[in-house]
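Below is model-v6.txt, holding compact mmCIF, C-alpha atoms.
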# COMPACT_ATOMS: atom_id res chain seq x y z
CA MET A 1 12.40 13.93 4.49
CA SER A 2 13.13 10.44 3.24
CA PRO A 3 10.44 8.62 1.31
CA PRO A 4 8.71 6.00 3.44
CA VAL A 5 9.06 3.32 0.79
CA PRO A 6 10.82 3.21 -2.52
CA LEU A 7 7.53 3.91 -4.22
CA VAL A 8 8.63 6.81 -6.29
CA HIS A 9 5.85 8.40 -8.21
CA GLY A 10 7.89 11.07 -9.95
CA ARG A 11 10.81 9.05 -11.25
CA ALA A 12 8.62 7.25 -13.76
CA SER A 13 9.16 8.55 -17.27
CA LYS A 14 6.56 9.52 -19.85
CA TYR A 15 6.94 9.21 -23.60
CA LEU A 16 4.77 9.14 -26.70
CA ASP A 17 4.09 5.54 -27.69
CA ARG A 18 3.70 5.48 -31.47
CA ASN A 19 2.15 1.99 -31.58
CA PHE A 20 -0.70 2.98 -29.34
CA ASN A 21 -0.68 6.66 -30.26
CA ARG A 22 -0.85 7.63 -26.61
CA GLN A 23 1.25 9.01 -23.83
CA ALA A 24 2.93 6.07 -22.17
CA MET A 25 4.17 5.98 -18.59
CA LYS A 26 6.84 3.44 -17.90
CA ILE A 27 7.15 2.38 -14.29
CA LEU A 28 10.05 0.60 -12.60
CA PRO A 29 10.21 -1.66 -9.54
CA GLY A 30 8.97 0.25 -6.50
CA GLU A 31 7.02 2.80 -8.50
CA PHE A 32 3.34 3.36 -9.13
CA TYR A 33 1.27 5.56 -11.38
CA ALA A 34 -2.40 6.49 -11.30
CA THR A 35 -4.19 8.51 -13.94
CA ALA A 36 -7.55 9.74 -15.20
CA GLU A 37 -6.10 10.31 -18.69
CA ASP A 38 -6.39 8.01 -21.70
CA GLU A 39 -2.80 6.82 -21.46
CA VAL A 40 -0.97 3.52 -21.36
CA ILE A 41 1.06 2.39 -18.35
CA VAL A 42 3.93 0.05 -19.17
CA THR A 43 6.16 -2.11 -17.05
CA VAL A 44 8.42 -5.14 -17.32
CA LEU A 45 8.09 -7.77 -14.61
CA GLY A 46 10.30 -10.63 -13.54
CA SER A 47 9.44 -11.96 -10.10
CA CYS A 48 7.82 -8.66 -9.11
CA VAL A 49 4.07 -8.28 -9.40
CA ALA A 50 2.04 -5.42 -10.82
CA ALA A 51 -1.55 -4.78 -9.82
CA CYS A 52 -3.63 -2.83 -12.30
CA VAL A 53 -6.46 -1.33 -10.29
CA MET A 54 -9.30 0.67 -11.81
CA ASP A 55 -12.73 2.15 -11.31
CA PRO A 56 -14.40 1.43 -14.66
CA ILE A 57 -17.17 3.98 -14.05
CA ALA A 58 -14.94 6.89 -13.05
CA MET A 59 -12.47 5.73 -15.74
CA VAL A 60 -9.43 6.11 -13.53
CA GLY A 61 -6.81 3.46 -13.14
CA GLY A 62 -3.29 2.84 -12.06
CA MET A 63 -0.54 0.32 -11.75
CA ASN A 64 2.06 -0.47 -9.14
CA HIS A 65 5.13 -2.69 -9.39
CA PHE A 66 6.53 -4.23 -6.26
CA MET A 67 7.86 -7.25 -4.46
CA LEU A 68 7.87 -8.31 -0.85
CA PRO A 69 11.27 -7.83 0.73
CA VAL A 70 11.71 -11.40 1.96
CA LYS A 71 15.23 -12.54 2.61
CA GLN A 72 16.02 -16.08 1.64
CA GLY A 73 15.14 -18.70 4.22
CA GLU A 74 13.09 -16.45 6.46
CA ARG A 75 10.25 -17.87 8.47
CA ASP A 76 6.53 -17.17 8.20
CA PRO A 77 6.24 -14.26 10.63
CA ASP A 78 8.84 -12.40 8.59
CA VAL A 79 6.81 -13.02 5.46
CA PHE A 80 3.86 -11.56 7.30
CA PHE A 81 5.78 -8.44 8.21
CA ALA A 82 7.28 -8.13 4.76
CA ALA A 83 3.71 -7.92 3.52
CA ARG A 84 3.63 -4.45 5.02
CA TYR A 85 5.53 -3.33 1.94
CA GLY A 86 3.04 -4.93 -0.37
CA ALA A 87 0.15 -3.52 1.62
CA ALA A 88 1.69 -0.06 1.48
CA ALA A 89 2.33 -0.41 -2.27
CA MET A 90 -1.33 -1.28 -2.77
CA GLU A 91 -2.54 1.47 -0.48
CA TYR A 92 -0.47 4.17 -2.18
CA LEU A 93 -2.00 3.19 -5.50
CA ILE A 94 -5.55 2.92 -4.15
CA ASN A 95 -5.33 6.26 -2.31
CA ASN A 96 -4.14 7.97 -5.48
CA LEU A 97 -7.05 6.47 -7.41
CA LEU A 98 -9.48 7.73 -4.76
CA HIS A 99 -7.94 11.20 -5.04
CA LEU A 100 -8.59 11.03 -8.78
CA GLY A 101 -12.26 10.29 -8.22
CA ALA A 102 -12.44 6.50 -7.95
CA GLN A 103 -14.81 4.91 -5.43
CA ARG A 104 -13.46 2.16 -3.26
CA ASP A 105 -16.47 -0.13 -3.71
CA ARG A 106 -16.17 0.05 -7.49
CA LEU A 107 -12.50 -0.91 -7.69
CA VAL A 108 -11.50 -3.97 -9.69
CA ALA A 109 -8.04 -5.37 -10.37
CA LYS A 110 -5.94 -7.36 -12.75
CA ALA A 111 -2.61 -8.77 -11.63
CA PHE A 112 0.54 -9.84 -13.44
CA GLY A 113 4.07 -11.07 -12.92
CA GLY A 114 5.46 -13.11 -10.07
CA GLY A 115 7.50 -15.30 -12.38
CA LYS A 116 10.10 -17.72 -11.09
CA VAL A 117 12.89 -16.01 -12.96
CA MET A 118 15.64 -15.39 -10.45
CA ARG A 119 18.46 -17.80 -10.82
CA GLY A 120 20.22 -18.91 -7.66
CA MET A 121 17.28 -18.07 -5.41
CA SER A 122 16.05 -20.99 -3.36
CA THR A 123 12.99 -19.07 -2.22
CA ASP A 124 10.21 -18.69 -4.77
CA VAL A 125 10.14 -14.90 -4.50
CA GLY A 126 7.67 -14.62 -7.38
CA GLY A 127 5.29 -17.12 -5.79
CA GLN A 128 5.26 -15.19 -2.52
CA ASN A 129 4.38 -12.03 -4.40
CA VAL A 130 1.57 -13.81 -6.26
CA ASP A 131 0.16 -15.22 -2.99
CA PHE A 132 0.33 -11.81 -1.40
CA VAL A 133 -1.48 -9.93 -4.17
CA ARG A 134 -4.26 -12.54 -4.39
CA GLU A 135 -4.75 -12.56 -0.63
CA PHE A 136 -4.65 -8.77 -0.37
CA LEU A 137 -7.34 -8.33 -3.04
CA ARG A 138 -9.52 -11.04 -1.50
CA ASN A 139 -9.12 -9.44 1.93
CA GLU A 140 -10.06 -6.03 0.63
CA GLY A 141 -12.99 -7.28 -1.42
CA ILE A 142 -11.49 -6.02 -4.68
CA PRO A 143 -12.46 -8.46 -7.48
CA LEU A 144 -9.54 -9.91 -9.45
CA TRP A 145 -10.90 -9.71 -12.98
CA SER A 146 -8.00 -11.42 -14.68
CA GLU A 147 -4.42 -12.41 -14.07
CA ASP A 148 -1.35 -13.81 -15.67
CA MET A 149 1.05 -14.74 -12.90
CA GLY A 150 3.73 -17.31 -12.16
CA GLY A 151 5.60 -19.47 -14.64
CA PRO A 152 9.19 -19.09 -15.77
CA TYR A 153 8.92 -15.93 -17.89
CA PRO A 154 9.37 -12.21 -17.48
CA ARG A 155 6.43 -10.19 -18.82
CA LYS A 156 5.90 -6.87 -20.45
CA VAL A 157 2.55 -5.40 -19.46
CA TYR A 158 0.60 -2.59 -21.10
CA PHE A 159 -2.38 -1.28 -19.13
CA PHE A 160 -4.98 1.07 -20.59
CA PRO A 161 -6.71 2.60 -17.57
CA HIS A 162 -9.60 4.11 -19.55
CA THR A 163 -10.80 0.78 -20.89
CA GLY A 164 -9.24 -1.54 -18.35
CA GLN A 165 -7.66 -3.47 -21.20
CA VAL A 166 -4.29 -5.12 -20.58
CA LEU A 167 -1.83 -6.54 -23.10
CA VAL A 168 0.71 -9.00 -21.73
CA LYS A 169 3.75 -10.09 -23.63
CA ARG A 170 5.43 -13.14 -22.15
CA MET A 171 9.08 -12.63 -22.89
CA GLU A 172 11.08 -15.45 -24.40
CA SER A 173 14.22 -15.23 -22.43
CA THR A 174 14.41 -16.05 -18.77
CA HIS A 175 17.90 -14.59 -18.90
CA ASN A 176 16.79 -11.04 -19.39
CA ASP A 177 19.54 -9.44 -17.36
CA THR A 178 18.18 -5.90 -17.42
CA VAL A 179 14.95 -7.00 -15.77
CA LEU A 180 16.72 -9.22 -13.25
CA ASN A 181 19.36 -6.66 -12.38
CA ARG A 182 16.75 -3.98 -11.82
CA GLU A 183 14.77 -6.27 -9.55
CA LEU A 184 17.88 -7.33 -7.65
CA THR A 185 18.91 -3.72 -7.10
CA TYR A 186 15.40 -2.93 -5.97
CA ILE A 187 15.16 -5.83 -3.57
CA GLN A 188 18.56 -5.01 -2.06
CA GLU A 189 17.44 -1.42 -1.62
CA VAL A 190 14.24 -2.53 0.11
CA VAL A 191 15.79 -5.20 2.31
CA GLY A 192 18.66 -2.92 3.28
CA ARG A 193 16.42 -0.04 4.23
CA PRO A 194 14.81 0.16 7.64
CA MET A 195 11.07 -0.49 7.25
CA ASN A 196 10.10 2.84 8.72
CA GLY A 197 8.09 5.76 7.58
CA ASP A 198 8.59 9.10 9.32
CA VAL A 199 7.28 9.60 12.81
CA GLU A 200 6.36 12.99 14.22
CA LEU A 201 4.89 13.66 17.63
CA PHE A 202 2.98 16.92 17.86
CA THR A 203 3.18 17.35 21.61
CA MET B 1 -6.95 -6.05 31.96
CA GLY B 2 -4.57 -4.72 29.33
CA ARG B 3 -4.76 -1.31 27.78
CA LEU B 4 -7.39 -0.88 25.11
CA ILE B 5 -6.51 0.50 21.67
CA LEU B 6 -8.91 1.27 18.80
CA THR B 7 -7.37 0.92 15.34
CA VAL B 8 -9.19 2.50 12.40
CA ASP B 9 -8.28 1.64 8.81
CA ASP B 10 -10.36 0.85 5.72
CA SER B 11 -7.86 -1.80 4.64
CA SER B 12 -8.55 -5.04 6.47
CA THR B 13 -5.01 -6.22 5.61
CA MET B 14 -3.60 -3.16 7.33
CA ARG B 15 -5.93 -3.63 10.34
CA GLN B 16 -4.77 -7.23 10.69
CA MET B 17 -1.13 -6.14 10.70
CA ILE B 18 -1.67 -3.39 13.25
CA THR B 19 -3.77 -5.66 15.48
CA PHE B 20 -1.21 -8.48 15.23
CA THR B 21 1.55 -6.09 16.29
CA LEU B 22 -0.40 -4.59 19.20
CA LYS B 23 -1.84 -7.87 20.50
CA GLY B 24 1.64 -9.38 20.39
CA ALA B 25 2.71 -6.65 22.80
CA GLY B 26 -0.15 -7.42 25.19
CA PHE B 27 -2.65 -4.72 24.23
CA ASP B 28 -6.38 -5.28 23.75
CA VAL B 29 -7.47 -4.09 20.34
CA LEU B 30 -10.76 -2.96 18.79
CA GLU B 31 -11.10 -2.38 15.04
CA ALA B 32 -13.15 -0.08 12.82
CA GLY B 33 -13.17 0.30 9.03
CA ASP B 34 -13.82 4.05 8.79
CA GLY B 35 -14.50 7.15 10.87
CA VAL B 36 -18.23 6.57 11.20
CA GLU B 37 -17.75 3.01 12.45
CA ALA B 38 -14.96 4.22 14.76
CA LEU B 39 -17.26 6.71 16.48
CA GLY B 40 -19.77 3.91 17.01
CA VAL B 41 -17.17 1.52 18.39
CA ALA B 42 -15.62 4.20 20.62
CA ALA B 43 -18.94 5.28 22.14
CA GLY B 44 -19.12 4.42 25.82
CA LYS B 45 -15.68 2.78 25.86
CA LYS B 46 -12.68 3.72 27.90
CA LEU B 47 -9.96 3.79 25.26
CA ASP B 48 -6.31 4.32 26.08
CA LEU B 49 -5.28 5.11 22.50
CA ILE B 50 -6.74 5.51 19.02
CA ILE B 51 -4.74 4.83 15.87
CA THR B 52 -6.34 6.01 12.63
CA ASP B 53 -5.71 6.05 8.90
CA VAL B 54 -6.51 9.23 6.91
CA ASN B 55 -8.07 8.17 3.60
CA MET B 56 -11.21 6.20 4.36
CA PRO B 57 -14.74 6.08 2.98
CA ARG B 58 -17.65 7.80 4.78
CA MET B 59 -15.45 9.69 7.24
CA ASP B 60 -11.73 10.37 6.88
CA GLY B 61 -9.21 10.23 9.72
CA ILE B 62 -8.78 14.00 10.11
CA THR B 63 -12.54 14.49 10.55
CA LEU B 64 -12.56 11.56 12.97
CA VAL B 65 -9.88 13.25 15.10
CA GLN B 66 -11.92 16.48 15.14
CA ARG B 67 -15.10 14.63 16.11
CA LEU B 68 -13.34 12.68 18.87
CA ARG B 69 -11.74 15.80 20.30
CA ALA B 70 -15.20 17.39 20.51
CA LEU B 71 -16.31 14.58 22.84
CA PRO B 72 -15.41 15.13 26.52
CA GLU B 73 -14.34 11.48 27.04
CA PHE B 74 -11.78 11.62 24.21
CA LYS B 75 -10.53 15.16 24.69
CA PHE B 76 -7.21 13.96 26.08
CA THR B 77 -6.97 10.42 24.66
CA PRO B 78 -3.80 10.04 22.58
CA ILE B 79 -4.64 9.75 18.85
CA LEU B 80 -1.98 8.61 16.37
CA VAL B 81 -2.44 9.01 12.63
CA LEU B 82 -0.97 6.07 10.67
CA THR B 83 -1.13 6.81 6.96
CA THR B 84 0.58 6.76 3.57
CA GLU B 85 0.18 10.57 3.52
CA SER B 86 3.46 12.34 4.24
CA ASP B 87 2.53 15.76 2.93
CA ALA B 88 3.40 18.62 5.32
CA SER B 89 0.05 20.39 4.78
CA MET B 90 -1.83 17.17 5.55
CA LYS B 91 0.23 16.71 8.73
CA GLN B 92 -0.59 20.29 9.70
CA LYS B 93 -4.31 19.51 9.31
CA GLY B 94 -3.87 16.49 11.55
CA LYS B 95 -2.07 18.56 14.14
CA GLU B 96 -4.75 21.28 14.06
CA ALA B 97 -7.47 18.64 14.37
CA GLY B 98 -5.83 17.52 17.60
CA ALA B 99 -3.82 14.42 16.64
CA THR B 100 -1.03 13.45 19.03
CA GLY B 101 1.35 12.14 16.38
CA TRP B 102 1.79 11.16 12.74
CA ILE B 103 3.32 7.91 11.48
CA VAL B 104 3.93 7.30 7.78
CA LYS B 105 3.36 3.76 6.43
CA PRO B 106 4.84 1.26 6.12
CA PHE B 107 5.41 0.99 9.83
CA SER B 108 7.88 -1.27 11.51
CA PRO B 109 6.35 -3.17 14.45
CA GLU B 110 9.15 -1.98 16.74
CA LYS B 111 8.71 1.65 15.78
CA LEU B 112 4.94 1.50 16.13
CA LEU B 113 5.22 -0.03 19.60
CA ASP B 114 7.89 2.50 20.51
CA VAL B 115 5.60 5.40 19.58
CA VAL B 116 2.58 3.76 21.23
CA ASN B 117 4.48 3.33 24.50
CA LYS B 118 5.69 6.93 24.30
CA VAL B 119 2.22 8.42 24.03
CA LEU B 120 0.47 6.10 26.51

Step by step, read the file and then write its structure as structure tokens.
Amino acid sequence: MSPPVPLVHGRASKYLDRNFNRQAMKILPGEFYATAEDEVIVTVLGSCVAACVMDPIAMVGGMNHFMLPVKQGERDPDVFFAARYGAAAMEYLINNLLHLGAQRDRLVAKAFGGGKVMRGMSTDVGGQNVDFVREFLRNEGIPLWSEDMGGPYPRKVYFFPHTGQVLVKRMESTHNDTVLNRELTYIQEVVGRPMNGDVELFT
Amino acid sequence: MGRLILTVDDSSTMRQMITFTLKGAGFDVLEAGDGVEALGVAAGKKLDLIITDVNMPRMDGITLVQRLRALPEFKFTPILVLTTESDASMKQKGKEAGATGWIVKPFSPEKLLDVVNKVL
């Protein structure tokens, strides 16, 4: 069975972060991670966005990392349909938080990324991602507690789900090829893949 | 009058997308945010199809399917589950509850309409 979206939970890799003296989970474009443990979730963002969503009372939180698969020069309705990916990325994260004991009406979010870092792209991919995440949260009634989005820099984000604290490092170079290449590979994967989950009829 | 579809999802973004897709194809659409609301909306209506999410507050989609199947007027109404859940055991629960089909998100508008037209 093929995964419905490149939101791979298991590919993310865990390591011991000596600075924070905690287990750290590093997530890549298309991945998400939700936890009830006192860990740190780390990601590096270019034009992708990451939503850190948490229930501060249940002390569970998680992060996703995604971008809308919008091809250059596409019109509005296509942007609307591309938002299905973003909506699914948010829903996967939220459902996992609910499974871990979060309550939907207690969820709050912080959002990061969406930089204008891709050279040679006429479309502001980052800006579209920023608009989407803001609108999604507003739509769903999930308060956006803080954000650091847009601008010309890639970011490294550390999220501590137990406290809700986030550390953001704005990275100097806008020519960080590793980040850009990863995002480009990811976006090609997403755009090239049919936007279909599995369908099964029981009758 | 067009065919009437009830779409049930706790995410208003997701409801908007489903409604947009269905209305664009000429269907009439009703919305509900969870299973409890769905039962209220469905009461006394002649629905041609119900599309429901699984993970929702108050009443989940599997329970909703069971409750609808227990009502004479919805015993044979097609019910599609549209969810991020792709687990085989969860699908089995949906099937046992009486769902007609299972669609894993994200959906493509074409595929959704294709399945909808198949079960109607």

Do you have, as JSON lines, the list of residues of chain B lying at most 8 Å from chain A, each with its nearest atom pair and that distance in Å to one decimal, counting all atoms listed in the file and ordered by chain then number?
{"residue": "B:Ser11", "atom": "CA", "partner": "A:Glu140", "partner_atom": "CA", "distance": 6.2}
{"residue": "B:Ser12", "atom": "CA", "partner": "A:Glu140", "partner_atom": "CA", "distance": 6.1}
{"residue": "B:Thr13", "atom": "CA", "partner": "A:Asn139", "partner_atom": "CA", "distance": 6.4}
{"residue": "B:Met14", "atom": "CA", "partner": "A:Ala87", "partner_atom": "CA", "distance": 6.8}
{"residue": "B:Met17", "atom": "CA", "partner": "A:Arg84", "partner_atom": "CA", "distance": 7.6}
{"residue": "B:Asn55", "atom": "CA", "partner": "A:Asn95", "partner_atom": "CA", "distance": 6.8}
{"residue": "B:Pro57", "atom": "CA", "partner": "A:Arg104", "partner_atom": "CA", "distance": 7.5}
{"residue": "B:Thr84", "atom": "CA", "partner": "A:Tyr92", "partner_atom": "CA", "distance": 6.4}
{"residue": "B:Ser86", "atom": "CA", "partner": "A:Asp198", "partner_atom": "CA", "distance": 7.9}
{"residue": "B:Lys95", "atom": "CA", "partner": "A:Phe202", "partner_atom": "CA", "distance": 6.5}
{"residue": "B:Ala99", "atom": "CA", "partner": "A:Phe202", "partner_atom": "CA", "distance": 7.3}
{"residue": "B:Thr100", "atom": "CA", "partner": "A:Phe202", "partner_atom": "CA", "distance": 5.4}
{"residue": "B:Gly101", "atom": "CA", "partner": "A:Leu201", "partner_atom": "CA", "distance": 4.1}
{"residue": "B:Trp102", "atom": "CA", "partner": "A:Glu200", "partner_atom": "CA", "distance": 5.1}
{"residue": "B:Ile103", "atom": "CA", "partner": "A:Val199", "partner_atom": "CA", "distance": 4.5}
{"residue": "B:Val104", "atom": "CA", "partner": "A:Gly197", "partner_atom": "CA", "distance": 4.4}
{"residue": "B:Lys105", "atom": "CA", "partner": "A:Gly197", "partner_atom": "CA", "distance": 5.3}
{"residue": "B:Pro106", "atom": "CA", "partner": "A:Gly197", "partner_atom": "CA", "distance": 5.7}
{"residue": "B:Phe107", "atom": "CA", "partner": "A:Asn196", "partner_atom": "CA", "distance": 5.2}
{"residue": "B:Ser108", "atom": "CA", "partner": "A:Met195", "partner_atom": "CA", "distance": 5.4}
{"residue": "B:Lys111", "atom": "CA", "partner": "A:Asn196", "partner_atom": "CA", "distance": 7.3}

query: Which residues come within 10 Å of Ala58 in chain A, counting all atoms listed in the file, excluding same-chain residues fewer than 6 positions away, as a VMD selection string?
result: chain A and resid 36 97 to 98 100 to 103 106 to 107 162

Expected file: the selected residues, C-alpha atoms, as a tab-separated table (two decimals), in the frame of the given file:
chain	number	residue	atom	x	y	z
A	36	ALA	CA	-7.55	9.74	-15.20
A	97	LEU	CA	-7.05	6.47	-7.41
A	98	LEU	CA	-9.48	7.73	-4.76
A	100	LEU	CA	-8.59	11.03	-8.78
A	101	GLY	CA	-12.26	10.29	-8.22
A	102	ALA	CA	-12.44	6.50	-7.95
A	103	GLN	CA	-14.81	4.91	-5.43
A	106	ARG	CA	-16.17	0.05	-7.49
A	107	LEU	CA	-12.50	-0.91	-7.69
A	162	HIS	CA	-9.60	4.11	-19.55

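Across the model, the gap from CA of Val133 in chain A to CA of Ile51 in chain B is 25.1 Å.
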
task: Quick one: pull the distance between CA of Glu147 in chain A and CA of Gln23 in chain A, Å, one decimal.
output: 24.2 Å

- request: Please identify all polymer residues within 12 Å of Asp60 in chain B, counting all atoms listed in the file, omitting same-chain residues fewer than 2 positions from it, and present them as a ChimeraX atom specification.
  value: /A:95 /B:8-10,33-39,52-58,62-67,81,83,94,97

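Counting from CA of Ala24 in chain A, the distance to CA of Gln165 in chain A is 14.3 Å.
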